[in-house]
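S.K.: Dropping in work-v3.txt, with compact mmCIF, C-alpha atoms.
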# COMPACT_ATOMS: atom_id res chain seq x y z
CA MET Y 4 -25.98 12.26 -22.44
CA SER Y 5 -24.37 14.85 -20.15
CA GLU Y 6 -20.65 15.51 -20.34
CA GLY Y 7 -20.21 14.51 -16.68
CA LEU Y 8 -21.97 11.18 -17.16
CA GLU Y 9 -19.91 10.42 -20.28
CA ARG Y 10 -16.71 11.21 -18.37
CA GLU Y 11 -17.75 8.83 -15.56
CA ARG Y 12 -18.39 6.08 -18.12
CA GLN Y 13 -14.98 6.66 -19.68
CA ILE Y 14 -13.30 6.44 -16.28
CA ASP Y 15 -15.21 3.22 -15.49
CA ALA Y 16 -14.13 1.77 -18.84
CA VAL Y 17 -10.46 2.55 -18.17
CA VAL Y 18 -10.66 1.08 -14.64
CA GLU Y 19 -12.30 -2.07 -16.00
CA ALA Y 20 -9.71 -2.39 -18.77
CA MET Y 21 -6.88 -1.98 -16.26
CA GLY Y 22 -8.43 -4.73 -14.12
CA GLY Y 23 -7.88 -7.11 -17.02
CA LEU Y 24 -4.14 -6.52 -16.73
CA TRP Y 25 -4.05 -8.04 -13.25
CA ASP Y 26 -6.64 -10.81 -13.69
CA LYS Y 27 -4.74 -12.76 -16.33
CA ASP Y 28 -2.05 -13.82 -13.83
CA ALA Y 29 -4.40 -14.42 -10.89
CA HIS Y 30 -3.07 -17.99 -10.50
CA ASP Y 31 0.36 -16.57 -9.61
CA VAL Y 32 -0.70 -15.50 -6.13
CA PRO Y 33 2.36 -14.36 -4.13
CA GLU Y 34 3.09 -16.14 -0.87
CA TRP Y 35 2.52 -12.96 1.17
CA VAL Y 36 -1.18 -12.97 0.25
CA ALA Y 37 -1.58 -15.98 2.55
CA GLN Y 38 -0.96 -13.66 5.51
CA GLU Y 39 -4.60 -12.49 5.18
CA LEU Y 40 -3.88 -9.00 6.48
CA THR Y 41 -6.47 -6.24 6.45
CA PHE Y 42 -5.89 -2.92 4.69
CA SER Y 43 -5.32 -1.23 8.05
CA GLN Y 44 -2.75 -3.86 9.05
CA MET Y 45 -0.92 -3.52 5.71
CA ARG Y 46 -0.99 0.26 6.07
CA LEU Y 47 0.60 -0.09 9.51
CA LEU Y 48 3.41 -2.20 8.06
CA PHE Y 49 4.14 0.29 5.28
CA LEU Y 50 4.06 3.23 7.73
CA LEU Y 51 6.51 1.47 10.05
CA SER Y 52 8.69 0.61 7.07
CA ARG Y 53 8.79 4.24 5.95
CA ASN Y 54 9.02 5.92 9.38
CA GLY Y 55 10.73 3.37 11.62
CA PRO Y 56 9.63 2.24 15.09
CA ALA Y 57 6.94 4.38 16.70
CA PRO Y 58 5.08 4.64 19.98
CA MET Y 59 1.50 3.38 20.09
CA SER Y 60 0.17 6.95 20.31
CA ARG Y 61 1.85 7.83 17.00
CA ILE Y 62 0.49 4.67 15.38
CA ALA Y 63 -3.02 5.64 16.52
CA GLU Y 64 -2.50 9.06 14.87
CA TRP Y 65 -1.23 7.49 11.63
CA LEU Y 66 -4.22 5.17 11.43
CA GLY Y 67 -6.70 7.82 12.56
CA VAL Y 68 -8.03 5.63 15.38
CA GLY Y 69 -8.03 5.56 19.16
CA LEU Y 70 -5.27 3.97 21.20
CA PRO Y 71 -7.25 0.76 21.98
CA THR Y 72 -8.01 0.20 18.27
CA ALA Y 73 -4.38 0.83 17.31
CA SER Y 74 -3.24 -1.56 20.02
CA GLY Y 75 -5.60 -4.24 18.69
CA THR Y 76 -4.32 -3.76 15.14
CA VAL Y 77 -0.72 -4.06 16.32
CA GLU Y 78 -1.57 -7.14 18.38
CA ARG Y 79 -3.08 -8.92 15.36
CA VAL Y 80 -0.05 -8.11 13.19
CA GLU Y 81 2.24 -9.13 16.04
CA ARG Y 82 0.57 -12.58 16.05
CA HIS Y 83 1.76 -12.95 12.44
CA GLY Y 84 5.30 -12.23 13.66
CA LEU Y 85 5.56 -9.08 11.52
CA VAL Y 86 5.95 -6.48 14.28
CA SER Y 87 7.19 -6.45 17.85
CA ARG Y 88 6.38 -4.20 20.79
CA GLN Y 89 8.90 -3.08 23.37
CA HIS Y 90 8.93 -0.67 26.27
CA ARG Y 91 11.32 2.22 25.66
CA LEU Y 92 14.39 2.12 27.87
CA ASP Y 93 14.20 5.82 28.73
CA ASP Y 94 10.48 5.70 29.62
CA ARG Y 95 8.97 2.30 30.39
CA ARG Y 96 5.45 3.74 30.09
CA VAL Y 97 5.94 4.19 26.32
CA VAL Y 98 5.49 1.10 24.15
CA GLU Y 99 7.13 1.26 20.74
CA CYS Y 100 6.22 -0.90 17.81
CA GLY Y 101 8.62 -1.81 15.02
CA LEU Y 102 8.91 -4.22 12.14
CA THR Y 103 10.50 -7.58 12.75
CA GLU Y 104 12.82 -9.14 10.20
CA ALA Y 105 9.81 -11.07 8.84
CA GLY Y 106 7.89 -7.78 8.56
CA ARG Y 107 10.72 -6.13 6.63
CA HIS Y 108 10.96 -9.16 4.37
CA LEU Y 109 7.22 -9.03 3.69
CA ILE Y 110 7.35 -5.32 2.76
CA ASP Y 111 10.34 -5.99 0.47
CA GLU Y 112 8.50 -8.90 -1.14
CA ILE Y 113 5.34 -6.87 -1.70
CA SER Y 114 7.28 -3.94 -3.14
CA GLY Y 115 9.30 -6.23 -5.40
CA THR Y 116 6.20 -8.06 -6.61
CA ARG Y 117 4.45 -4.78 -7.37
CA LEU Y 118 7.46 -3.45 -9.28
CA GLU Y 119 7.83 -6.71 -11.20
CA MET Y 120 4.13 -6.68 -12.11
CA MET Y 121 4.27 -3.07 -13.31
CA ARG Y 122 7.36 -3.77 -15.44
CA LYS Y 123 5.66 -6.80 -16.99
CA VAL Y 124 2.51 -4.84 -17.84
CA LEU Y 125 4.42 -1.83 -19.19
CA GLY Y 126 6.70 -4.14 -21.18
CA VAL Y 127 3.97 -4.65 -23.80
CA LEU Y 128 4.19 -0.98 -24.84
CA ASN Y 129 6.59 0.41 -27.44
CA GLY Y 130 8.78 3.47 -26.81
CA GLU Y 131 6.24 6.01 -28.06
CA GLU Y 132 3.46 4.43 -26.02
CA LEU Y 133 5.66 4.42 -22.90
CA ALA Y 134 6.37 8.13 -23.41
CA GLN Y 135 2.63 8.82 -23.73
CA MET Y 136 1.92 6.76 -20.61
CA ALA Y 137 4.61 8.63 -18.65
CA GLY Y 138 3.10 11.95 -19.77
CA LEU Y 139 -0.40 10.89 -18.73
CA ILE Y 140 0.75 9.65 -15.33
CA THR Y 141 2.69 12.87 -14.75
CA THR Y 142 -0.46 14.85 -15.59
CA MET Y 143 -2.54 12.72 -13.19
CA VAL Y 144 -0.03 13.17 -10.35
CA THR Y 145 0.24 16.91 -10.91
CA ARG Y 146 -3.51 17.45 -11.05
CA THR Y 147 -4.17 15.19 -8.07
CA ARG Y 148 -1.61 17.00 -5.93
CA SER Y 149 -2.88 20.44 -6.94
CA GLY Y 150 -6.51 19.47 -6.35
CA THR Y 151 -7.62 20.12 -9.93
CA ALA Y 152 -8.56 16.51 -10.64
Transcribe the structure of this file into structure tokens.
M.R.:
Amino acid sequence: MSEGLERERQIDAVVEAMGGLWDKDAHDVPEWVAQELTFSQMRLLFLLSRNGPAPMSRIAEWLGVGLPTASGTVERVERHGLVSRQHRLDDRRVVECGLTEAGRHLIDEISGTRLEMMRKVLGVLNGEELAQMAGLITTMVTRTRSGTA
């Protein structure tokens, strides 16, 4: 078996094993999952959370889509009450989109759930194992950022 094929199998095995970490608590589905948002819609919420309100043209750039597609994405998220659109006071032609209180709450809930889940999963490791895990993750981040992955 070639070295490349063996490496791919090892990666698949690790991904599959990691999937088992999340499946065991599948019955504990957080309330925010009921929002039934697409990846693009979730990405929009996280971008607005990180960068603050933005004009529709900037949102289109962030999402890598045209203005009509970005507007449709915002409209669907707006129907959930998670974002609002307003004309800028200094230039009424520009429509800005920002998170509503419900949108901020959703992002906080998702982030908290993710952190809680990671702490629970990592809690099964002893100190030495946690140190090894931290070293491996640091290596993955470094290599990914430098393009040597």
S.K.: Please, what distance in Å, to one decimal, runs between CA of Ile113 (chain Y) and CA of Val86 (chain Y)?
M.R.: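 Result for CA of Ile113 (chain Y) versus CA of Val86 (chain Y): 16.0 Å, one decimal.
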S.K.: Measure the distance from CA of Asp15 (chain Y) to CA of Gln44 (chain Y) in Å and round it to one decimal.
M.R.: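 Value for the CA of Asp15 (chain Y)-CA of Gln44 (chain Y) distance: 28.4 Å.
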S.K.: Could you check which of Y:Thr145, Y:Asn129, Y:Ser60, Y:Gln13 is closest to Arg96 (chain Y), using only C-alpha atoms?
M.R.: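 Closest to Arg96 (chain Y) of all the choices is Y:Ser60.
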S.K.: Which of these, Y:Thr72, Y:Ser52, Y:Thr147, Y:Thr141, has the shortest distance to Gly106 (chain Y) once you count all atoms listed in the file?
M.R.: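 Selected residue with least distance to Gly106 (chain Y): Y:Ser52.
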S.K.: Using the file's own x, y and z axes, what box holds all listed atoms of region 73-83 of chain Y with 4 Å on each side, keeping edges along x, y and z, and what are its centre and edge lengths in Å to one decimal, as AutoDock Vina command-line options?
M.R.:
--center_x -1.7 --center_y -6.1 --center_z 16.2 --size_x 15.8 --size_y 21.8 --size_z 15.6
S.K.: Which polymer residues, whether protein, DNA or RNA, lie within 12 Å of the coordinate (4.0, -0.2, -19.3) when you count all atoms listed in the file? List them as a list in words, using the chain letters and numbers from the file.
M.R.: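 Taken together, the residues in range are Met21, Leu24, Leu118, Glu119, Met120, Met121, Arg122, Lys123, Val124, Leu125, Gly126, Val127, Leu128, Asn129, Gly130, Glu131, Glu132, Leu133, Ala134, Gln135, Met136, Ala137, Leu139 and Ile140 of chain Y.
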S.K.: Pick out the residues sitting within 12 Å of Ser43 (chain Y), and hand them over as a list in words; count all atoms listed in the file, and ignore anything fewer than 6 positions along from it in its own chain.
M.R.: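 My list of contacting residues is Phe49, Leu50, Ile62, Ala63, Trp65, Leu66, Gly67, Val68, Thr72, Ala73, Gly75, Thr76, Val77, Arg79 and Val80 of chain Y.
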S.K.: Grab the CA of Pro56 (chain Y) to CA of Glu104 (chain Y) distance for me, in Å with one decimal place.
M.R.: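 Computing the Euclidean distance for CA of Pro56 (chain Y) and CA of Glu104 (chain Y) yields 12.8 Å.
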S.K.: Restricting the calculation to only C-alpha atoms: of Y:Glu19, Y:Val98, Y:Gly55, Y:Leu85, which residue gets closest to Ile110 (chain Y)?
M.R.: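 Looking only at the distances to Ile110 (chain Y), the closest residue turns out to be Y:Leu85.
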